[in-house]
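A.B. asks: Dropping in upload.json, with JSON, C-alpha atoms.
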[["chain", "number", "residue", "atom", "x", "y", "z"],
["N", 287, "MET", "CA", -69.93, -52.98, 87.72],
["N", 288, "ALA", "CA", -67.83, -56.02, 86.81],
["N", 289, "GLU", "CA", -70.18, -56.63, 83.88],
["N", 290, "GLU", "CA", -69.61, -53.06, 82.64],
["N", 291, "GLN", "CA", -65.83, -53.50, 82.83],
["N", 292, "THR", "CA", -65.98, -56.86, 81.04],
["N", 293, "GLY", "CA", -68.28, -55.40, 78.38],
["N", 294, "GLY", "CA", -65.94, -52.50, 77.86],
["N", 295, "GLU", "CA", -62.94, -54.78, 77.60],
["N", 296, "GLU", "CA", -64.79, -56.90, 75.04],
["N", 297, "GLU", "CA", -65.54, -53.81, 72.95],
["N", 298, "VAL", "CA", -61.92, -52.72, 73.05],
["N", 299, "ARG", "CA", -60.80, -56.23, 72.08],
["N", 300, "ARG", "CA", -63.16, -56.15, 69.09],
["N", 301, "VAL", "CA", -61.69, -52.84, 67.93],
["N", 302, "PHE", "CA", -58.17, -54.25, 68.14],
["N", 303, "ASP", "CA", -59.24, -57.44, 66.40],
["N", 304, "ALA", "CA", -60.64, -55.33, 63.56],
["N", 305, "LEU", "CA", -57.37, -53.39, 63.33],
["N", 306, "ASP", "CA", -55.43, -56.66, 63.28],
["N", 307, "ALA", "CA", -57.65, -57.87, 60.41],
["N", 308, "LEU", "CA", -57.00, -54.62, 58.56],
["N", 309, "GLU", "CA", -53.24, -55.09, 58.88],
["N", 310, "ALA", "CA", -53.52, -58.73, 57.77],
["N", 311, "MET", "CA", -55.26, -57.98, 54.48],
["N", 312, "GLU", "CA", -53.25, -59.67, 51.74],
["N", 313, "ASP", "CA", -54.01, -57.34, 48.84],
["N", 314, "PRO", "CA", -51.72, -54.31, 49.37],
["N", 315, "LYS", "CA", -53.96, -51.99, 47.35],
["N", 316, "ALA", "CA", -57.13, -53.04, 49.20],
["N", 317, "ARG", "CA", -55.28, -52.81, 52.52],
["N", 318, "ALA", "CA", -54.01, -49.30, 51.75],
["N", 319, "ARG", "CA", -57.50, -48.21, 50.67],
["N", 320, "ALA", "CA", -59.04, -49.63, 53.87],
["N", 321, "ILE", "CA", -56.34, -47.96, 55.96],
["N", 322, "SER", "CA", -57.07, -44.65, 54.24],
["N", 323, "ALA", "CA", -60.76, -45.01, 55.08],
["N", 324, "PHE", "CA", -59.93, -45.79, 58.69],
["N", 325, "LEU", "CA", -57.52, -42.88, 59.07],
["N", 326, "ARG", "CA", -60.06, -40.49, 57.53],
["N", 327, "GLU", "CA", -62.61, -41.44, 60.20],
["N", 328, "GLN", "CA", -60.23, -41.82, 63.11],
["N", 329, "GLN", "CA", -59.69, -38.21, 64.23],
["N", 330, "PRO", "CA", -63.32, -37.14, 64.62],
["N", 331, "ARG", "CA", -64.08, -40.34, 66.50],
["N", 332, "LEU", "CA", -61.07, -39.93, 68.80],
["N", 333, "ARG", "CA", -62.15, -36.36, 69.58],
["N", 334, "LYS", "CA", -65.64, -37.60, 70.45],
["N", 335, "LEU", "CA", -64.29, -40.42, 72.65],
["N", 336, "SER", "CA", -61.92, -38.00, 74.40],
["N", 337, "ALA", "CA", -64.83, -35.63, 75.05],
["N", 338, "LEU", "CA", -66.91, -38.45, 76.56],
["N", 339, "ARG", "CA", -64.02, -39.40, 78.84],
["N", 340, "ARG", "CA", -63.48, -35.77, 79.83],
["N", 341, "ASP", "CA", -67.18, -35.37, 80.64],
["N", 342, "TYR", "CA", -66.89, -38.34, 82.99],
["N", 343, "VAL", "CA", -63.76, -36.95, 84.68],
["N", 344, "LEU", "CA", -65.29, -33.50, 85.11],
["N", 345, "GLY", "CA", -68.48, -34.99, 86.51],
["N", 346, "GLN", "CA", -66.51, -37.03, 89.03],
["N", 347, "ARG", "CA", -64.44, -34.00, 90.04],
["N", 348, "ARG", "CA", -67.66, -31.99, 90.55],
["N", 349, "GLU", "CA", -68.67, -34.76, 92.95],
["N", 350, "LYS", "CA", -65.34, -34.21, 94.78],
["N", 351, "VAL", "CA", -63.90, -37.59, 93.74],
["N", 352, "THR", "CA", -60.09, -37.55, 94.02],
["N", 353, "ARG", "CA", -57.90, -37.74, 90.94],
["N", 354, "LYS", "CA", -56.35, -40.93, 92.29],
["N", 355, "LYS", "CA", -59.76, -42.62, 92.61],
["N", 356, "ILE", "CA", -60.79, -41.52, 89.11],
["N", 357, "ALA", "CA", -57.42, -42.71, 87.75],
["N", 358, "ASP", "CA", -57.91, -46.11, 89.36],
["N", 359, "ASP", "CA", -61.47, -46.31, 88.01],
["N", 360, "ILE", "CA", -60.56, -45.53, 84.39],
["N", 361, "GLY", "CA", -57.11, -47.10, 84.20],
["N", 362, "VAL", "CA", -54.86, -44.06, 83.83],
["N", 363, "SER", "CA", -52.45, -42.16, 86.08],
["N", 364, "PRO", "CA", -53.57, -39.32, 88.35],
["N", 365, "SER", "CA", -51.49, -36.92, 86.25],
["N", 366, "THR", "CA", -53.44, -38.02, 83.16],
["N", 367, "VAL", "CA", -56.69, -37.31, 85.03],
["N", 368, "GLN", "CA", -55.34, -33.85, 85.84],
["N", 369, "ASP", "CA", -54.42, -33.30, 82.18],
["N", 370, "ILE", "CA", -57.90, -34.41, 81.08],
["N", 371, "GLU", "CA", -59.48, -32.11, 83.67],
["N", 372, "LEU", "CA", -57.41, -29.17, 82.46],
["N", 373, "GLY", "CA", -58.18, -29.90, 78.81],
["N", 374, "TYR", "CA", -54.66, -30.91, 77.82],
["N", 375, "SER", "CA", -54.12, -33.49, 75.13],
["N", 376, "GLY", "CA", -51.13, -34.79, 73.27],
["N", 377, "SER", "CA", -47.56, -34.37, 74.38],
["N", 378, "GLY", "CA", -46.35, -32.10, 77.14],
["N", 379, "ARG", "CA", -44.77, -29.89, 74.50],
["N", 380, "SER", "CA", -48.18, -28.46, 73.59],
["N", 381, "ARG", "CA", -49.05, -27.39, 77.14],
["N", 382, "PRO", "CA", -48.81, -23.82, 78.32],
["N", 383, "SER", "CA", -45.92, -22.99, 80.61],
["N", 384, "THR", "CA", -46.80, -23.32, 84.29],
["N", 385, "GLY", "CA", -43.87, -21.35, 85.61],
["N", 386, "LYS", "CA", -42.58, -24.38, 87.52],
["N", 387, "GLY", "CA", -39.19, -23.81, 88.97],
["N", 388, "LYS", "CA", -39.72, -20.07, 89.27],
["N", 389, "ARG", "CA", -39.59, -18.49, 92.69],
["N", 390, "GLY", "CA", -43.03, -18.17, 94.24],
["N", 391, "SER", "CA", -44.81, -20.55, 91.89],
["N", 392, "ASP", "CA", -47.53, -22.67, 93.47],
["N", 393, "GLU", "CA", -47.72, -26.43, 93.14],
["N", 394, "GLY", "CA", -51.02, -27.76, 91.84],
["N", 395, "ASP", "CA", -53.63, -29.47, 94.02],
["N", 396, "ASP", "CA", -53.44, -33.24, 93.60],
["N", 397, "SER", "CA", -56.59, -34.05, 95.53]]
Could you write out this structure as structure tokens?
C.D. replies:
Amino acid sequence: MAEEQTGGEEEVRRVFDALDALEAMEDPKARARAISAFLREQQPRLRKLSALRRDYVLGQRREKVTRKKIADDIGVSPSTVQDIELGYSGSGRSRPSTGKGKRGSDEGDDS
């Protein structure tokens, strides 16, 4: 498992190194063109990565793994695991109202 974590960290480092190289390009026109290409490809790839992460979270929850354990395993907070599980993304402003603070509303299960 340590090898998987190290491998994953190395992959993430390579992505950030590539982004650093993109930012460091000296020719402003070439840099802007490369940034445009990156931004064009970014959204579909982020959606795919988010879906892969969600599949993992849902699989773990089906196995009755706690949100806290999943959060520890993937390096996020338990509330982020809950958001992933519920299909939320982005800021809290885009989430449906839960009715919190209203009389008789139930608190969610954090297990």
A.B. asks: Please compute the CA of Asp369 in chain N-CA of Pro330 in chain N distance, one decimal, in Å.
C.D. replies: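 Distance between the two atoms: 20.1 Å.
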A.B. asks: Find the residues around Ala318 in chain N up to 10 Å (only C-alpha atoms counted), leave out those fewer than 5 positions away in its own chain, and share them as JSON, numbers by chain.
C.D. replies: {"N": [308, 309, 311, 313, 323, 324]}
A.B. asks: Interatomic distance between CA of Arg326 in chain N and CA of Val343 in chain N?
C.D. replies: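 Computing it gives 27.6 Å between the two atoms.
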A.B. asks: Between CA of Val351 in chain N and CA of Leu338 in chain N, what is the spacing in Å?
C.D. replies: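 Going from CA of Leu338 in chain N over to CA of Val351 in chain N, I get 17.5 Å.
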A.B. asks: Kindly compute an axis-aligned box around the listed atoms of range 338-354 of chain N, allowing 3 Å on each side, and express its centre and edge lengths in Å to one decimal as lines of an AutoDock Vina configuration file.
C.D. replies:
center_x = -62.5
center_y = -36.5
center_z = 85.7
size_x = 18.3
size_y = 14.9
size_z = 24.2
A.B. asks: For Arg347 in chain N, which residue out of N:Gln329, N:Val362, N:Lys334, N:Gln368 is the nearest one, using all atoms listed in the file?
C.D. replies: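 Nearest candidate to Arg347 in chain N out of N:Gln329, N:Val362, N:Lys334, N:Gln368: N:Gln368.
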A.B. asks: For Glu371 in chain N, which residue among N:Arg299, N:Gly345, N:Arg331, N:Ala310 is the nearest when counting only C-alpha atoms?
C.D. replies: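 Counting only C-alpha atoms, the residue closest to Glu371 in chain N is N:Gly345.
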